[in-house]
Each structure stands twice: as C-alpha cells, then as structure tokens.
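Read through the structure below, which is laid out as structure tokens, and then see the notes.
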Amino acid sequence: MRDLPIYLDHNATTPLLPEVVDAMLPYLRDHFGNPSSDHPWGRRARSAVDEARGRVARLLGADAEEIVLTSGGTEANNLAIRGVAEAVLATGASRRGVVTSVIEHPATSGPCRHLESESGGWRVEWVPVDSNARVRLDVVRERVDARTALVTIMHANNETGTLQPVREIAEIARERGALVHTDAAQSVGKIPVDVRALGVDLLTVAGHKLNAPKGVGALFVRRGTSLRPFALGAGHERGLRPGTENVASIVGLGVACDVVARTLADKTKALAALRDRLWTALRAEIPDARLNAEGAERLPNTASVRFPNVRGSEVLAATPEIAASTGSACHAGHESASSVLLAMGLDADEALGTVRLSVGTTTTVEEIEEAAKALVRGFRAATARGSRT
C-alpha cells in the first residue's frame with residue numbers, strides 16, 4: 001500500500017534532483033554571504049552565482065552575460081513584456097503593439113492585459129489557435145505589422161503540451177522589426193531549447209519545471225535588446241532585476257541545467273515512452289477516450305486525456321491513487337472549462353472531461369501500469385455514480 005499517490009503532475013512542478021539538493025545545502029548552511037559584498041563570504045557567493053549563470057546559458061546556447069536571474073517564470077515574463085514596453089516608452093517610439101496568443105499562461109496574458117489597460121496607447125492582438133492548440137501562423141502574419149513592438153508566444157502549452165512554431169513566428173517578427181519573447185517554462189528540460197536556433201530575443205525559464213527549486217528562474221535577453229526594469233532598487237543583474245540574489249536556489253538551478261544538458265536526449269525518449277505507455281493502456285480499456293492535440297507535435301511527457309461522458313474532476317476524485325490535474329480551473333467550488341481547450345474548439349462538456357497527466361524523471365514503468373489501472377477504475381466508478389444520479 002502506497003503512503004502517497006503516484007505523482008503525474010510534473011507540468012505543475014517537479015521534485016528536486018538529489019544532486020540539486022546536495023549542491024544547495026552548503027549555501028544554506030555555511031556559504032551565507034551576500035554576492036554584492038567584497039569579502040570572502042561575498043566573493044564565494046558571487047562565484048557560485050556566476051557559475052550557475054554560465055550553466056543556464058550553456059543549456060540555452062546563450063552567453064552568460066545574456067542571462068538575467070529571476071525569482072521564477074512569472075517575474076521573467078513580466079520583465080520581458082513590461083521591460084520592453086518601458087524601453088519603448090522611454091524612447092518615445094511609436095511602436096505600441098503586442099501580439100500574443102489566446103492560450104498563454106496568466107504570467108504572460110496578465111502583463112499583456114495590464115498594458116492594454118494603461119494610458120500609453122498599447123494595443124494587444126490575441127491570436128487564435130487551431131484544433132491542436134497550435135497558434136495560427138496565418139493570423140500572426142496578419143497581426144504583426146509596423147506598429148508591433150513585441151511578439152510573445154509560449155514555446156509549449158502547459159495543458160496540452162503542444163509545441164508552438166516559435167522559429168517561424170520569430171522570422172515573421174524579425175522581418176517587421178519586432179522583438180520576440182517566448183515563455184519556455186514547460187519546454188526547457190524536456191526538449192532541446194536553443195535561443196539561437198529559435199531566433200528569439202527573450203526566453204523565460206522556470207526552475208521548478210526542470211527539477212530545480214521553486215522561486216528561481218531566468219530570462220535570456222539577447223545582447224543589444226532594449227529592456228528596462230519594472231521593479232526599482234539597486235543595480236543587481238545588470239540593473240534589470242533589483243534584489244539580493246537567492247544564492248542557494250540559483251546554485252540549484254545551475255546544477256539542474258547541467259544535468260539536463262548531459263541527459264536530455266535519453267530523458268526525452270524515456271518520457272515519451274512512459275507517456276505513450278500510459279495512453280495506450282487507457283485507450284485499450286476506454287475506447288471512447290480521446291487525446292487532446294493528438295495531431296500536434298507535443299512535449300514528450302504530457303497527455304491531455306478527455307474522458308467520455310464524465311468530468312475529469314470526478315475521475316480524479318474517484319482515483320485517490322493518482323496526483324494529477326484537470327484541464328479546468330476550479331475557484332471557490334466553481335468549476336469552469338479550460339480556456340485553452342475551449343480555444344481549440346471543444347465544447348464545455350468535452351473540456352470539463354479532461355485530465356492532464358504529465359510524467360517526469362522520477363516516474364517508473366511500474367507506476368505507469370498501476371496508474372493506468374487506477375484511472376480506469378476511477379473512470380468506471382465516476383461513470384457509475386453519474387448514471388445513478
């Protein structure tokens with residue numbers, strides 16, 4: 001009997017790797033110096049931060065000087081979007097347009113809506129997606145014009161795992177003089193992410209999505225990109241992110257990136273094999289189940305499964321052996337259909353029937369087999385309960 005359920009929610013957060021914890025501990029116990037201090041404790045902390053910055057840069061194909069360390073993906077997205085906007089306003093440039101998608105994480109859509117509500121004359125264009133949750137390139141071509149300052153499109157969707165055509169989007173933006181940002185929080189650590197190959201100017205990393213701690217992340221800022229801080233303070237991180245660095249967590253992020261750099265090819269294959277094994281087992285027992293975005297190129301670890309004639313929340317409630325998420329947002333007892341799934345063209349009932357299953361580096365074949373059986377039992381129990389009401 002398990003003490004804890006099988007964890008299939010790695011897109012929400014990941015466990016820390018043992019080597020990450022080991023690397024962090026000395027900076028929690030002994031090496032407590034402020035990286036801005038000019039004495040042995042401070043210099044040791046500064047050296048650790050610089051080494052971690054270099055490891056992040058190497059994973060992304062960037063230079064260390066192009067990495068700004070942040071408190072996580074949300075801050076990195078805000079710095080990218082609001083930082084570009086502040087830079088535009090400071091120069092008095094007439095470009096006051098942002099192009100984004102209708103399926104962005106709130107860490108991107110929130111700053112975009114903030115710009116819309118400001119008095120600076122910002123216009124935000126919201127690009128639709130197709131039935132696989134893939135941003136429509138034809139609409140991007142229509143919306144990016146001489147007024148566009150920034151295009152911000154996620155690299156991989158957090159619900160369906162759909163990979164977005166970021167390289168093609170970057171080519172369109174560059175032709176028209178716009179900067180490009182991508183939120184790669186879900187993709188870094190699961191698939192190769194190279195900032196030069198993607199052609200982006202700004203790219204977001206979230207530590208807790210790649211087996212590093214919560215509360216740490218990074219923003220790639222291509223050399224020469226105009227950016228201004230949205231928070232004010234001292235001159236940390238080249239003046240772009242004021243505040244004393246979270247040294248222990250930064251060290252953990254660096255080690256996690258180093259591990260990814262050494263193991264990514266094998267990891268990607270292993271994750272895909274586990275995901276496909278789970279989906280095959282579910283489909284064999286529940287023939288009417290569907291895989292959202294099945295026709296898209298997706299993250300290797302993500303299966304957005306649509307159960308027939310039942311709500312995903314009911315399936316999970318009947319499956320305490322599993323820790324996973326639905327494709328919906330629940331607030332104070334009110335369950336609403338996922339905006340991502342609705343944007344794909346699903347109706348509300350179909351969207352509410354979705355469960356997001358995301359595997360990770362700690363997931364085993366035995367857990368996958370056990371999880372599939374448990375989910376089938378949970379689905380049948382939820383269906384039977386619904387038929388009696």
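Letters A, B, ... mark the chains of the structure tokens in the order given; residue numbers begin at 1 per chain; ligand numbers begin at 1, in order shown.
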Produce a table with one row for each residue of segment 236-287 of chain A that has an atom at most 10 Å from any atom of segment 170-188 of chain A, each row naming the nearest atom pair and its distance in Å at one decimal; use only C-alpha atoms; arrange rows by chain and rising residue number; format as a tab-separated table.
```
residue	atom	partner	partner_atom	distance
A:Cys257	CA	A:Val188	CA	8.8
A:Val260	CA	A:Val188	CA	8.7
A:Leu264	CA	A:Val188	CA	9.8
```
Please save N, CA and C atoms of the selected residues as a PDB file, in the first residue's frame.
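Okay, out.pdb is ready:
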```pdb
ATOM      1  N   CYS A 257      20.267  22.540 -14.673  1.00  0.00           N
ATOM      2  CA  CYS A 257      20.540  22.785 -16.095  1.00  0.00           C
ATOM      3  C   CYS A 257      21.714  21.943 -16.584  1.00  0.00           C
ATOM      4  N   VAL A 260      20.421  18.437 -17.138  1.00  0.00           N
ATOM      5  CA  VAL A 260      19.641  18.384 -18.380  1.00  0.00           C
ATOM      6  C   VAL A 260      20.565  18.352 -19.592  1.00  0.00           C
ATOM      7  N   LEU A 264      19.637  15.014 -21.707  1.00  0.00           N
ATOM      8  CA  LEU A 264      18.375  15.376 -22.343  1.00  0.00           C
ATOM      9  C   LEU A 264      17.914  14.369 -23.390  1.00  0.00           C
TER      10      LEU A 264
END
```
* If you run DSSP over the backbone, which residues in segment 47-90 of chain A end up strand (DSSP E)? Put them as a list of chain:residue names. =>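 The strand (DSSP E) residues within segment 47-90 of chain A come out as A:Ile67, A:Val68, A:Leu69, A:Thr70.
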* Name all residues at most 12 Å from Asn301 of chain A (count only C-alpha atoms; drop same-chain ones fewer than 6 positions away) and give them as a PyMOL selection string. => chain A and resi 8-11+156+158-162+186-187+189-191+267-279+356-363
* Asked: Hey, which of A:Val255, A:Met344, A:Thr326, A:Val376 ends up closest to Arg283 of chain A? Count only C-alpha atoms.
  -> A:Val376
* Structure fact -> Across A:Arg43, A:Arg141, A:Arg241, A:His114, the smallest distance to Leu227 of chain A, with only C-alpha atoms counted, is shown by A:Arg241
* Asked: Would you give me, as JSON, numbers by chain, the residues in segment 304-382 of chain A that DSSP reads as alpha helix (DSSP H)?
  -> {"A": [312, 313, 314, 315, 316, 317, 339, 340, 341, 342, 343, 348, 349, 350, 351, 352, 365, 366, 367, 368, 369, 370, 371, 372, 373, 374, 375, 376, 377, 378, 379, 380, 381, 382]}
Residue neighbourhood Ala212 of chain A, 9 Å, only C-alpha atoms, exclusion window fewer than 4 positions, as a tab-separated table (two decimals) with N, CA and C atoms, in the first residue's frame:
```
chain	number	residue	atom	x	y	z
A	14	THR	N	8.06	19.96	-10.32
A	14	THR	CA	8.86	18.74	-10.33
A	14	THR	C	9.61	18.58	-9.01
A	15	PRO	N	9.92	17.35	-8.63
A	15	PRO	CA	10.74	17.14	-7.43
A	15	PRO	C	12.18	17.56	-7.68
A	16	LEU	N	12.85	17.97	-6.64
A	16	LEU	CA	14.26	18.33	-6.76
A	16	LEU	C	15.10	17.08	-6.97
A	17	LEU	N	16.06	17.16	-7.89
A	17	LEU	CA	17.01	16.08	-8.05
A	17	LEU	C	17.92	16.00	-6.83
A	20	VAL	N	20.82	18.27	-6.96
A	20	VAL	CA	20.45	19.68	-6.80
A	20	VAL	C	20.41	20.03	-5.31
A	21	VAL	N	19.77	19.17	-4.53
A	21	VAL	CA	19.70	19.39	-3.07
A	21	VAL	C	21.11	19.42	-2.48
A	206	ALA	N	11.76	28.58	-15.94
A	206	ALA	CA	11.25	28.44	-14.57
A	206	ALA	C	11.90	27.24	-13.91
A	207	GLY	N	12.62	27.46	-12.83
A	207	GLY	CA	13.40	26.40	-12.22
A	207	GLY	C	12.60	25.18	-11.80
A	208	HIS	N	11.43	25.41	-11.23
A	208	HIS	CA	10.70	24.28	-10.65
A	208	HIS	C	10.05	23.38	-11.68
A	216	VAL	N	12.93	30.34	-8.33
A	216	VAL	CA	14.11	30.77	-9.07
A	216	VAL	C	13.83	30.51	-10.56
A	249	SER	N	19.20	28.75	-4.27
A	249	SER	CA	18.31	28.30	-5.34
A	249	SER	C	18.93	28.50	-6.71
A	250	ILE	N	19.69	29.57	-6.88
A	250	ILE	CA	20.39	29.80	-8.14
A	250	ILE	C	21.39	28.67	-8.39
A	252	GLY	N	21.10	25.67	-7.29
A	252	GLY	CA	20.29	24.52	-7.66
A	252	GLY	C	19.84	24.57	-9.11
A	253	LEU	N	19.45	25.75	-9.58
A	253	LEU	CA	19.05	25.90	-10.98
A	253	LEU	C	20.21	25.57	-11.91
A	254	GLY	N	21.40	26.03	-11.56
A	254	GLY	CA	22.56	25.75	-12.39
A	254	GLY	C	22.86	24.27	-12.49
A	255	VAL	N	22.80	23.58	-11.37
A	255	VAL	CA	23.05	22.13	-11.38
A	255	VAL	C	21.98	21.41	-12.18
A	256	ALA	N	20.72	21.80	-12.00
A	256	ALA	CA	19.64	21.16	-12.77
A	256	ALA	C	19.86	21.35	-14.26
A	257	CYS	N	20.27	22.54	-14.67
A	257	CYS	CA	20.54	22.78	-16.09
A	257	CYS	C	21.71	21.94	-16.58
```
* To do: In Å, rounded to a single decimal, give me how far atom CA of Met24 of chain A is from atom CA of Gly42 of chain A.
  =>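 If I compute the distance from atom CA of Gly42 of chain A to atom CA of Met24 of chain A, I get 16.2 Å.
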* Asked: What's the 12 Å shell around Val135 of chain A, counting only C-alpha atoms, without same-chain residues fewer than 6 positions away, as a PyMOL selection string?
  -> chain A and resi 99-104+126-129+141+152-157+162-166+168-169+296+340+343-344
* Pick the closest to Arg380 of chain A from A:Ala318, A:Ser313, A:Asp347, A:Asp50: which is it, counting only C-alpha atoms? -> A:Ala318
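Closest approach to Glu19 of chain A among A:Glu370, A:Asp258, A:Glu86, A:Glu350 is made by A:Asp258 (distances from only C-alpha atoms).
Nearest residue to Ala265 of chain A among A:Gly215, A:Val193, A:Ser109, A:Gly83 is A:Val193, counting only C-alpha atoms.
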* May I have the residues within 9 Å of Ile322 of chain A as a list in words, using only C-alpha atoms and disregarding those fewer than 6 positions away in the same chain? =>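 Answer for this query is Leu4, Pro5, Ile6, Tyr7, Leu8, Leu316, Ala371, Ala374 and Leu375 of chain A.
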Next, the residues of the selection above should be written as an mmCIF file, in the first residue's frame with N, CA and C atoms.
```cif
data_model
loop_
_atom_site.group_PDB
_atom_site.id
_atom_site.type_symbol
_atom_site.label_atom_id
_atom_site.label_comp_id
_atom_site.auth_asym_id
_atom_site.auth_seq_id
_atom_site.Cartn_x
_atom_site.Cartn_y
_atom_site.Cartn_z
ATOM 1 N N LEU A 4 1.820 7.592 -0.435
ATOM 2 C CA LEU A 4 1.452 8.764 -1.228
ATOM 3 C C LEU A 4 0.973 8.309 -2.600
ATOM 4 N N PRO A 5 0.122 9.103 -3.262
ATOM 5 C CA PRO A 5 -0.340 8.741 -4.604
ATOM 6 C C PRO A 5 0.794 8.817 -5.621
ATOM 7 N N ILE A 6 0.566 8.199 -6.764
ATOM 8 C CA ILE A 6 1.513 8.265 -7.874
ATOM 9 C C ILE A 6 1.469 9.676 -8.448
ATOM 10 N N TYR A 7 2.622 10.289 -8.563
ATOM 11 C CA TYR A 7 2.682 11.694 -8.969
ATOM 12 C C TYR A 7 2.743 11.802 -10.490
ATOM 13 N N LEU A 8 1.674 12.324 -11.081
ATOM 14 C CA LEU A 8 1.599 12.541 -12.529
ATOM 15 C C LEU A 8 1.227 13.991 -12.820
ATOM 16 N N LEU A 316 -10.697 12.053 -11.131
ATOM 17 C CA LEU A 316 -9.613 12.193 -10.157
ATOM 18 C C LEU A 316 -10.108 11.998 -8.728
ATOM 19 N N ALA A 371 -0.935 3.256 -12.420
ATOM 20 C CA ALA A 371 -1.751 4.451 -12.617
ATOM 21 C C ALA A 371 -2.837 4.212 -13.653
ATOM 22 N N ALA A 374 -5.604 2.254 -12.118
ATOM 23 C CA ALA A 374 -6.350 3.070 -11.155
ATOM 24 C C ALA A 374 -7.263 4.064 -11.868
ATOM 25 N N LEU A 375 -6.780 4.670 -12.935
ATOM 26 C CA LEU A 375 -7.594 5.641 -13.669
ATOM 27 C C LEU A 375 -8.781 4.970 -14.350
#
```
